[in-house]
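A short write-up of the structure that comes next.
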Amino acid sequence: MHRRLGPLTCFVALGVVAIAVLPAASFGEGSSSPPPPPCAGSTTTTTAAGPSGGTSTTNIPPGSSIAPGSPQGGTCWVEQPYPFGIGSNGEPVEPPATAQSYLSVTSMAFRAWNRGLAAVTQAGNEGEDPYGVWVFNGVRWYPSPGFPGKKLCGGHTIVWAGQKDYWLIGGEPNREGKWADLCRFDGVSLEWEYLPIPEATMQHVAQVYDGTESFKSGTIDSAACMAWNNCWFFGTYGTVVHWEGHFLTDASPNPSERTLQGEYTDAVAREGPAGEPFGLAVAATAERYEGEKESVPLEPSGPPPVQLYGSSGAPFSPLPFTPPSEAQHGDQYRTDLVAVDLDAAGQGWVAGNPAALRLKEREGSVPSGHDPAPPSTRPFNPPNAPQPSPLVPISTSGAAPTCPGPETNRFTYTPTSGATEPAGAFLWSTIGVVPGSGEALAGGRMRRAPASAGPGPNEGAAVGEPVIARASCAGTTAVTRFRIKDPTSPGHEAPADSQGSVTAIAVNAPNDAWAATSEGFLASGAKEEPHLYRLTNGQPPDAPEGAENEERPRELQENEATFVFLPPVPEPPPQAPAAVTQTQTVTLPAAIYDVKAKLHERKHDGHVYLSLYITFKLRRPTKVGAQALRHGHVVSVAKAKLFAGKSGLLILSLNRKHWPTKVNFVS
C-alpha cells in the first residue's frame, strides 16, 4: 500500500514549467566568449603515476582566473552562492544565518547538466522542518514544489527515475525500529507519495527477543533506476526492494546466502548509446550499525563477500571483483566499497574505505571533529598500519583491464595516533565519472601528515578537511583542498569547512561538475557554513541539455468504443390507453455508517506526529475522502478514493498549531 500526499497547487505547475522554459545556460548570455569565472581558493597536489612519481603543488588564490594548463585540464572549482537555506527559496543565504539557516547537502543527482536534484538536511537542529529536496533547472536552485517535509519524507539520498520522477530515500528507522518509508515524486500527477517497505523485506530483518518481535536497525539508502517503472533499492543486511511502476516488492536474496548479506552502500544506473540500461551496486564487508552480529567479518575460510553487483535491467547479480585490501589474521577482507559511478560507455570507478569506516556527514550528521575511530569489531592491527582507501576503475563486467588506475597505496587511511604517511589519510563518501575521459572525481575527507602541518591554529594534522581527488586510467592523481583566510588568526590560512568533508559530487561533462561540502568548525569553535562548488572552464557545459519527452502510459484509460448495428426497428403497434401510475420516492440509507475517529500519536527523533484515523462501514461501493477544517479553512486532506469493501479507513495528518474545528466527508 502506498500513500499519496495530494495534488500540488498552481505553484507546483508553474515550478515544473520553469524547468523546461528557463534559459538553457547562465554562462555569459549574449556573449560567445564570456570572461572566465574566478576560481575558488585551493591547493592542488599532482602526483605522477607510480609510487615513486614526482609531486607538484599548485596554490590557486581566491579570485584567480582559470589557467588553461592547470592540472584540471583548463578547469577549476568556482565557489557558488550558497542557495540552500530555510526560507531562502534559492536566493543566496547571507551570513550570519539566523532566520535563513544553512542546509547541508547530503546527495546530488543530475540526469543532464540542466536537470539536477539535491537532498539537504539541517544537521543537529530540531527546529523548523526544512525543504528536503531542491531542483536545478540550468540557471538556479529552488525547493522542490509540494515537498511534504522531512517529518514525512526523511532521507539523505536523491535518485532520478526517468525524466520526470525522482525518489528520496535513506531515512533512519524510528524508535520503534520501523524502517523509514521511501518517498517518490510522480512527475506526471505532480504528487509526492510515501511507500512503506514491503512486509516480506522486513521479515529478513525481524528478530524476536523475550517473545516480542522487533527489527534490526537499518535503512534503504541507495538505488539504481533504469526507468521510471524499474527501480532497484538497496539497504542494510542485504535487503533489496524493486519498484515496477505500481508497487514495491521484496527482491532480497535468501538469508542462507551468507556472502550476499552485507550492507549495500551505493548504486548507479545509466543508459547506453542505443538506449540500453545497465547499472552497478556496491556493498561493504560489515554493517555500519554496531551491536549487530553482522558487524563481525566473514569466516577466514569462507568465500570473499560479494561487493560488486551488475544488471542490464533485470535483478542485480554478483560480479567477480574484490577491491585491494590489507589482510589481517582472521580478517582478510578489510576494504568496504562506499561509492560507485558509471558513464554512458560503461566505464566506471569505485571508492573504498577501510572496513566499517563511514563519513557520517553524508547522512546529515554534524562533523565529528577528528576522523572516526574503527569500531571495536574491526580494529587495526597494528594500530598505526596504513589501510587502503583505494580508487579503482571498473566496468559493467567487473574489473577494467584496459584502465589500470592509480597504485593501490596511493590513497590510504591511518588512525590519528599513527598518521605518518606523507600522502596523508583519506576517507571517501562520493564519486563521479568524467564522461568519455576515463577519469573520476572522488570526494571525502583528508588529513595531512604531521610533517606537512601548517603554523596556524587551524592547520593541525589531526583534524580532517574536505578533499576532492581526480584519478585517471594512466595512474595520475590530483588532490584539491579548499582554503580560506583564517578569520580567527590574521596572516594564516585555514581549511574551508575544517573538520568537515565533501558530501556530494555530480559530474555532467568534462567541463561541468558540482561538489558540496558539509559545515565546518574552526579550533575556536566558530562555525563555518557549508560550501557549493562548480567545476568549469567558463564555457557552456560540453553535454546535451535534458529532454522532457518521456512517454508515460495513462493510469486510467477509457475502454474503446464498440459499435453494434441492429436491424431496422419495426413499426410500433397501436398504443393502448395510457395506464395510471404512481411514483414513490425511496430514500436509500447512507452509504457509510458506524463512523469512528481515533487520534494516533507517533514519536520519532523527539517529535510527536498526530494522525486522525477515521474508520467506517459501507453499505455499497462509494468514493469518499475527508477534509479537516479550522474556522472554515482546510488544514488537512485525505484524498477521495473508491471503497468497494465492507469497511474503509481515511487518515488525516494533524498539527497542534492548526488544530481542526470540523471534519467533513467529501466525494
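How things are named: the first chain in the C-alpha cells is A, the next is B, and so on; residues count from 1 in each chain; ligands count from 1 in the order shown.
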Query raised in the report: Neighbours of Ala385 in chain A within 7 Å (only C-alpha atoms; same-chain residues fewer than 4 positions away dropped), as a ChimeraX atom specification?
Result: /A:380-381,414
I need the chosen residues saved as a PDB file, in the first residue's frame, with C-alpha atoms.
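Generated file (out15.pdb):
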ATOM      1  CA  PHE A 380      43.629  -2.029  13.029  1.00  0.00           C
ATOM      2  CA  ASN A 381      46.471  -4.419  13.771  1.00  0.00           C
ATOM      3  CA  THR A 414      45.841   5.638   9.198  1.00  0.00           C
TER       4      THR A 414
END
Query raised in the report: Residues at most 6 Å from range 478-493 of chain A, counting only C-alpha atoms, excluding those fewer than 2 positions away in the same chain, as a ChimeraX atom specification?
Result: /A:41-46,456,467-470,495-496
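DSSP on the backbone gives helix (DSSP H, G or I) for these parts of range 75-283 of chain A: Glu199, Ala200, Thr201, Met202, Gln203, Thr236, Tyr237, Gly238, Arg258, Thr259 and Leu260 of chain A.
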Query - Nearby residues (only C-alpha atoms) at most 10 Å from range 542-545 of chain A, same-chain spacing under 3 positions excluded, as a ChimeraX atom specification - result: /A:24-25,111-115,138,435,508-512,539,548
Keeping only C-alpha atoms, write the selected residues to a file as a PDB file, in the first residue's frame.
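Now in result.pdb:
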ATOM      1  CA  ALA A  24      19.453  26.883 -21.125  1.00  0.00           C
ATOM      2  CA  ALA A  25      22.575  28.327 -19.581  1.00  0.00           C
ATOM      3  CA  ARG A 111      20.355  13.382 -15.438  1.00  0.00           C
ATOM      4  CA  ALA A 112      21.687  16.247 -17.597  1.00  0.00           C
ATOM      5  CA  TRP A 113      23.712  19.339 -16.823  1.00  0.00           C
ATOM      6  CA  ASN A 114      20.496  21.408 -16.595  1.00  0.00           C
ATOM      7  CA  ARG A 115      18.395  18.809 -14.756  1.00  0.00           C
ATOM      8  CA  GLY A 138      20.118  25.080 -15.590  1.00  0.00           C
ATOM      9  CA  PRO A 435      32.275  11.242 -19.244  1.00  0.00           C
ATOM     10  CA  ASN A 508      27.885  16.082 -16.157  1.00  0.00           C
ATOM     11  CA  ALA A 509      30.647  16.880 -18.653  1.00  0.00           C
ATOM     12  CA  PRO A 510      34.448  17.276 -18.794  1.00  0.00           C
ATOM     13  CA  ASN A 511      33.882  20.967 -18.020  1.00  0.00           C
ATOM     14  CA  ASP A 512      30.891  20.733 -15.678  1.00  0.00           C
ATOM     15  CA  GLN A 539      32.226  27.843 -21.239  1.00  0.00           C
ATOM     16  CA  GLU A 548      11.264  16.255 -21.367  1.00  0.00           C
TER      17      GLU A 548
END
Per DSSP on the backbone, filter range 608-648 of chain A down to the residues in strand (DSSP E or B) and report them as a PDB file with N, CA and C atoms, in the first residue's frame.
ATOM      1  N   VAL A 608       6.621  14.572  17.934  1.00  0.00           N
ATOM      2  CA  VAL A 608       5.351  13.881  18.081  1.00  0.00           C
ATOM      3  C   VAL A 608       4.503  14.160  16.843  1.00  0.00           C
ATOM      4  N   TYR A 609       4.047  13.094  16.173  1.00  0.00           N
ATOM      5  CA  TYR A 609       3.239  13.220  14.974  1.00  0.00           C
ATOM      6  C   TYR A 609       1.834  12.702  15.290  1.00  0.00           C
ATOM      7  N   LEU A 610       0.826  13.503  14.951  1.00  0.00           N
ATOM      8  CA  LEU A 610      -0.560  13.176  15.265  1.00  0.00           C
ATOM      9  C   LEU A 610      -1.327  12.895  13.982  1.00  0.00           C
ATOM     10  N   SER A 611      -2.133  11.838  14.013  1.00  0.00           N
ATOM     11  CA  SER A 611      -2.967  11.473  12.873  1.00  0.00           C
ATOM     12  C   SER A 611      -4.343  11.090  13.382  1.00  0.00           C
ATOM     13  N   LEU A 612      -5.363  11.508  12.647  1.00  0.00           N
ATOM     14  CA  LEU A 612      -6.734  11.149  12.976  1.00  0.00           C
ATOM     15  C   LEU A 612      -7.160  10.016  12.054  1.00  0.00           C
ATOM     16  N   TYR A 613      -7.396   8.830  12.626  1.00  0.00           N
ATOM     17  CA  TYR A 613      -7.837   7.664  11.872  1.00  0.00           C
ATOM     18  C   TYR A 613      -9.368   7.635  11.890  1.00  0.00           C
ATOM     19  N   ILE A 614      -9.993   7.743  10.724  1.00  0.00           N
ATOM     20  CA  ILE A 614     -11.448   7.720  10.591  1.00  0.00           C
ATOM     21  C   ILE A 614     -11.842   6.385   9.967  1.00  0.00           C
ATOM     22  N   THR A 615     -12.517   5.548  10.727  1.00  0.00           N
ATOM     23  CA  THR A 615     -12.982   4.258  10.222  1.00  0.00           C
ATOM     24  C   THR A 615     -14.493   4.293  10.051  1.00  0.00           C
ATOM     25  N   PHE A 616     -14.995   3.502   9.110  1.00  0.00           N
ATOM     26  CA  PHE A 616     -16.429   3.477   8.846  1.00  0.00           C
ATOM     27  C   PHE A 616     -16.780   2.174   8.137  1.00  0.00           C
ATOM     28  N   LYS A 617     -18.080   1.863   8.134  1.00  0.00           N
ATOM     29  CA  LYS A 617     -18.595   0.704   7.423  1.00  0.00           C
ATOM     30  C   LYS A 617     -19.347   1.161   6.184  1.00  0.00           C
ATOM     31  N   LEU A 618     -19.449   0.265   5.194  1.00  0.00           N
ATOM     32  CA  LEU A 618     -20.032   0.612   3.897  1.00  0.00           C
ATOM     33  C   LEU A 618     -21.237  -0.272   3.593  1.00  0.00           C
ATOM     34  N   THR A 622     -18.468   3.192  -2.620  1.00  0.00           N
ATOM     35  CA  THR A 622     -18.560   4.647  -2.512  1.00  0.00           C
ATOM     36  C   THR A 622     -17.177   5.263  -2.638  1.00  0.00           C
ATOM     37  N   LYS A 623     -17.086   6.391  -3.329  1.00  0.00           N
ATOM     38  CA  LYS A 623     -15.849   7.162  -3.391  1.00  0.00           C
ATOM     39  C   LYS A 623     -15.956   8.309  -2.395  1.00  0.00           C
ATOM     40  N   VAL A 624     -15.054   8.358  -1.443  1.00  0.00           N
ATOM     41  CA  VAL A 624     -15.162   9.343  -0.384  1.00  0.00           C
ATOM     42  C   VAL A 624     -13.774   9.727   0.113  1.00  0.00           C
ATOM     43  N   GLY A 625     -13.638  10.962   0.554  1.00  0.00           N
ATOM     44  CA  GLY A 625     -12.416  11.456   1.193  1.00  0.00           C
ATOM     45  C   GLY A 625     -12.819  12.285   2.409  1.00  0.00           C
ATOM     46  N   ALA A 626     -11.866  12.987   2.973  1.00  0.00           N
ATOM     47  CA  ALA A 626     -12.158  13.776   4.167  1.00  0.00           C
ATOM     48  C   ALA A 626     -11.330  15.048   4.167  1.00  0.00           C
ATOM     49  N   GLN A 627     -11.876  16.083   4.783  1.00  0.00           N
ATOM     50  CA  GLN A 627     -11.186  17.352   4.970  1.00  0.00           C
ATOM     51  C   GLN A 627     -11.285  17.763   6.433  1.00  0.00           C
ATOM     52  N   ALA A 628     -10.157  18.207   6.974  1.00  0.00           N
ATOM     53  CA  ALA A 628     -10.163  18.803   8.305  1.00  0.00           C
ATOM     54  C   ALA A 628     -10.122  20.319   8.139  1.00  0.00           C
ATOM     55  N   LEU A 629     -11.039  21.017   8.782  1.00  0.00           N
ATOM     56  CA  LEU A 629     -11.133  22.468   8.651  1.00  0.00           C
ATOM     57  C   LEU A 629     -10.941  23.132   9.997  1.00  0.00           C
ATOM     58  N   ARG A 630     -10.336  24.304   9.937  1.00  0.00           N
ATOM     59  CA  ARG A 630     -10.206  25.151  11.121  1.00  0.00           C
ATOM     60  C   ARG A 630     -10.831  26.498  10.792  1.00  0.00           C
ATOM     61  N   HIS A 633     -11.195  27.014   7.088  1.00  0.00           N
ATOM     62  CA  HIS A 633     -10.016  26.851   6.242  1.00  0.00           C
ATOM     63  C   HIS A 633      -9.525  25.407   6.318  1.00  0.00           C
ATOM     64  N   VAL A 634      -9.231  24.821   5.160  1.00  0.00           N
ATOM     65  CA  VAL A 634      -8.775  23.435   5.113  1.00  0.00           C
ATOM     66  C   VAL A 634      -7.342  23.359   5.648  1.00  0.00           C
ATOM     67  N   VAL A 635      -7.132  22.483   6.625  1.00  0.00           N
ATOM     68  CA  VAL A 635      -5.797  22.323   7.212  1.00  0.00           C
ATOM     69  C   VAL A 635      -5.236  20.928   6.994  1.00  0.00           C
ATOM     70  N   SER A 636      -6.054  19.988   6.511  1.00  0.00           N
ATOM     71  CA  SER A 636      -5.563  18.647   6.208  1.00  0.00           C
ATOM     72  C   SER A 636      -6.556  17.963   5.285  1.00  0.00           C
ATOM     73  N   VAL A 637      -6.030  17.107   4.385  1.00  0.00           N
ATOM     74  CA  VAL A 637      -6.875  16.457   3.389  1.00  0.00           C
ATOM     75  C   VAL A 637      -6.517  14.981   3.314  1.00  0.00           C
ATOM     76  N   ALA A 638      -7.530  14.133   3.289  1.00  0.00           N
ATOM     77  CA  ALA A 638      -7.383  12.722   2.926  1.00  0.00           C
ATOM     78  C   ALA A 638      -8.045  12.566   1.566  1.00  0.00           C
ATOM     79  N   LYS A 639      -7.245  12.273   0.552  1.00  0.00           N
ATOM     80  CA  LYS A 639      -7.731  12.285  -0.822  1.00  0.00           C
ATOM     81  C   LYS A 639      -8.856  11.267  -1.028  1.00  0.00           C
ATOM     82  N   ALA A 640      -9.880  11.655  -1.788  1.00  0.00           N
ATOM     83  CA  ALA A 640     -11.011  10.774  -2.054  1.00  0.00           C
ATOM     84  C   ALA A 640     -10.565   9.569  -2.872  1.00  0.00           C
ATOM     85  N   LYS A 641     -11.062   8.398  -2.498  1.00  0.00           N
ATOM     86  CA  LYS A 641     -10.773   7.179  -3.247  1.00  0.00           C
ATOM     87  C   LYS A 641     -11.967   6.246  -3.150  1.00  0.00           C
ATOM     88  N   LEU A 642     -12.017   5.261  -4.049  1.00  0.00           N
ATOM     89  CA  LEU A 642     -13.151   4.354  -4.129  1.00  0.00           C
ATOM     90  C   LEU A 642     -12.985   3.221  -3.122  1.00  0.00           C
ATOM     91  N   PHE A 643     -13.985   3.044  -2.266  1.00  0.00           N
ATOM     92  CA  PHE A 643     -14.031   1.936  -1.327  1.00  0.00           C
ATOM     93  C   PHE A 643     -15.094   0.960  -1.819  1.00  0.00           C
ATOM     94  N   SER A 647     -15.743  -2.040   4.702  1.00  0.00           N
ATOM     95  CA  SER A 647     -15.273  -1.018   5.633  1.00  0.00           C
ATOM     96  C   SER A 647     -14.213  -0.173   4.950  1.00  0.00           C
ATOM     97  N   GLY A 648     -13.896   0.965   5.556  1.00  0.00           N
ATOM     98  CA  GLY A 648     -12.909   1.866   4.980  1.00  0.00           C
ATOM     99  C   GLY A 648     -12.148   2.611   6.061  1.00  0.00           C
TER     100      GLY A 648
END
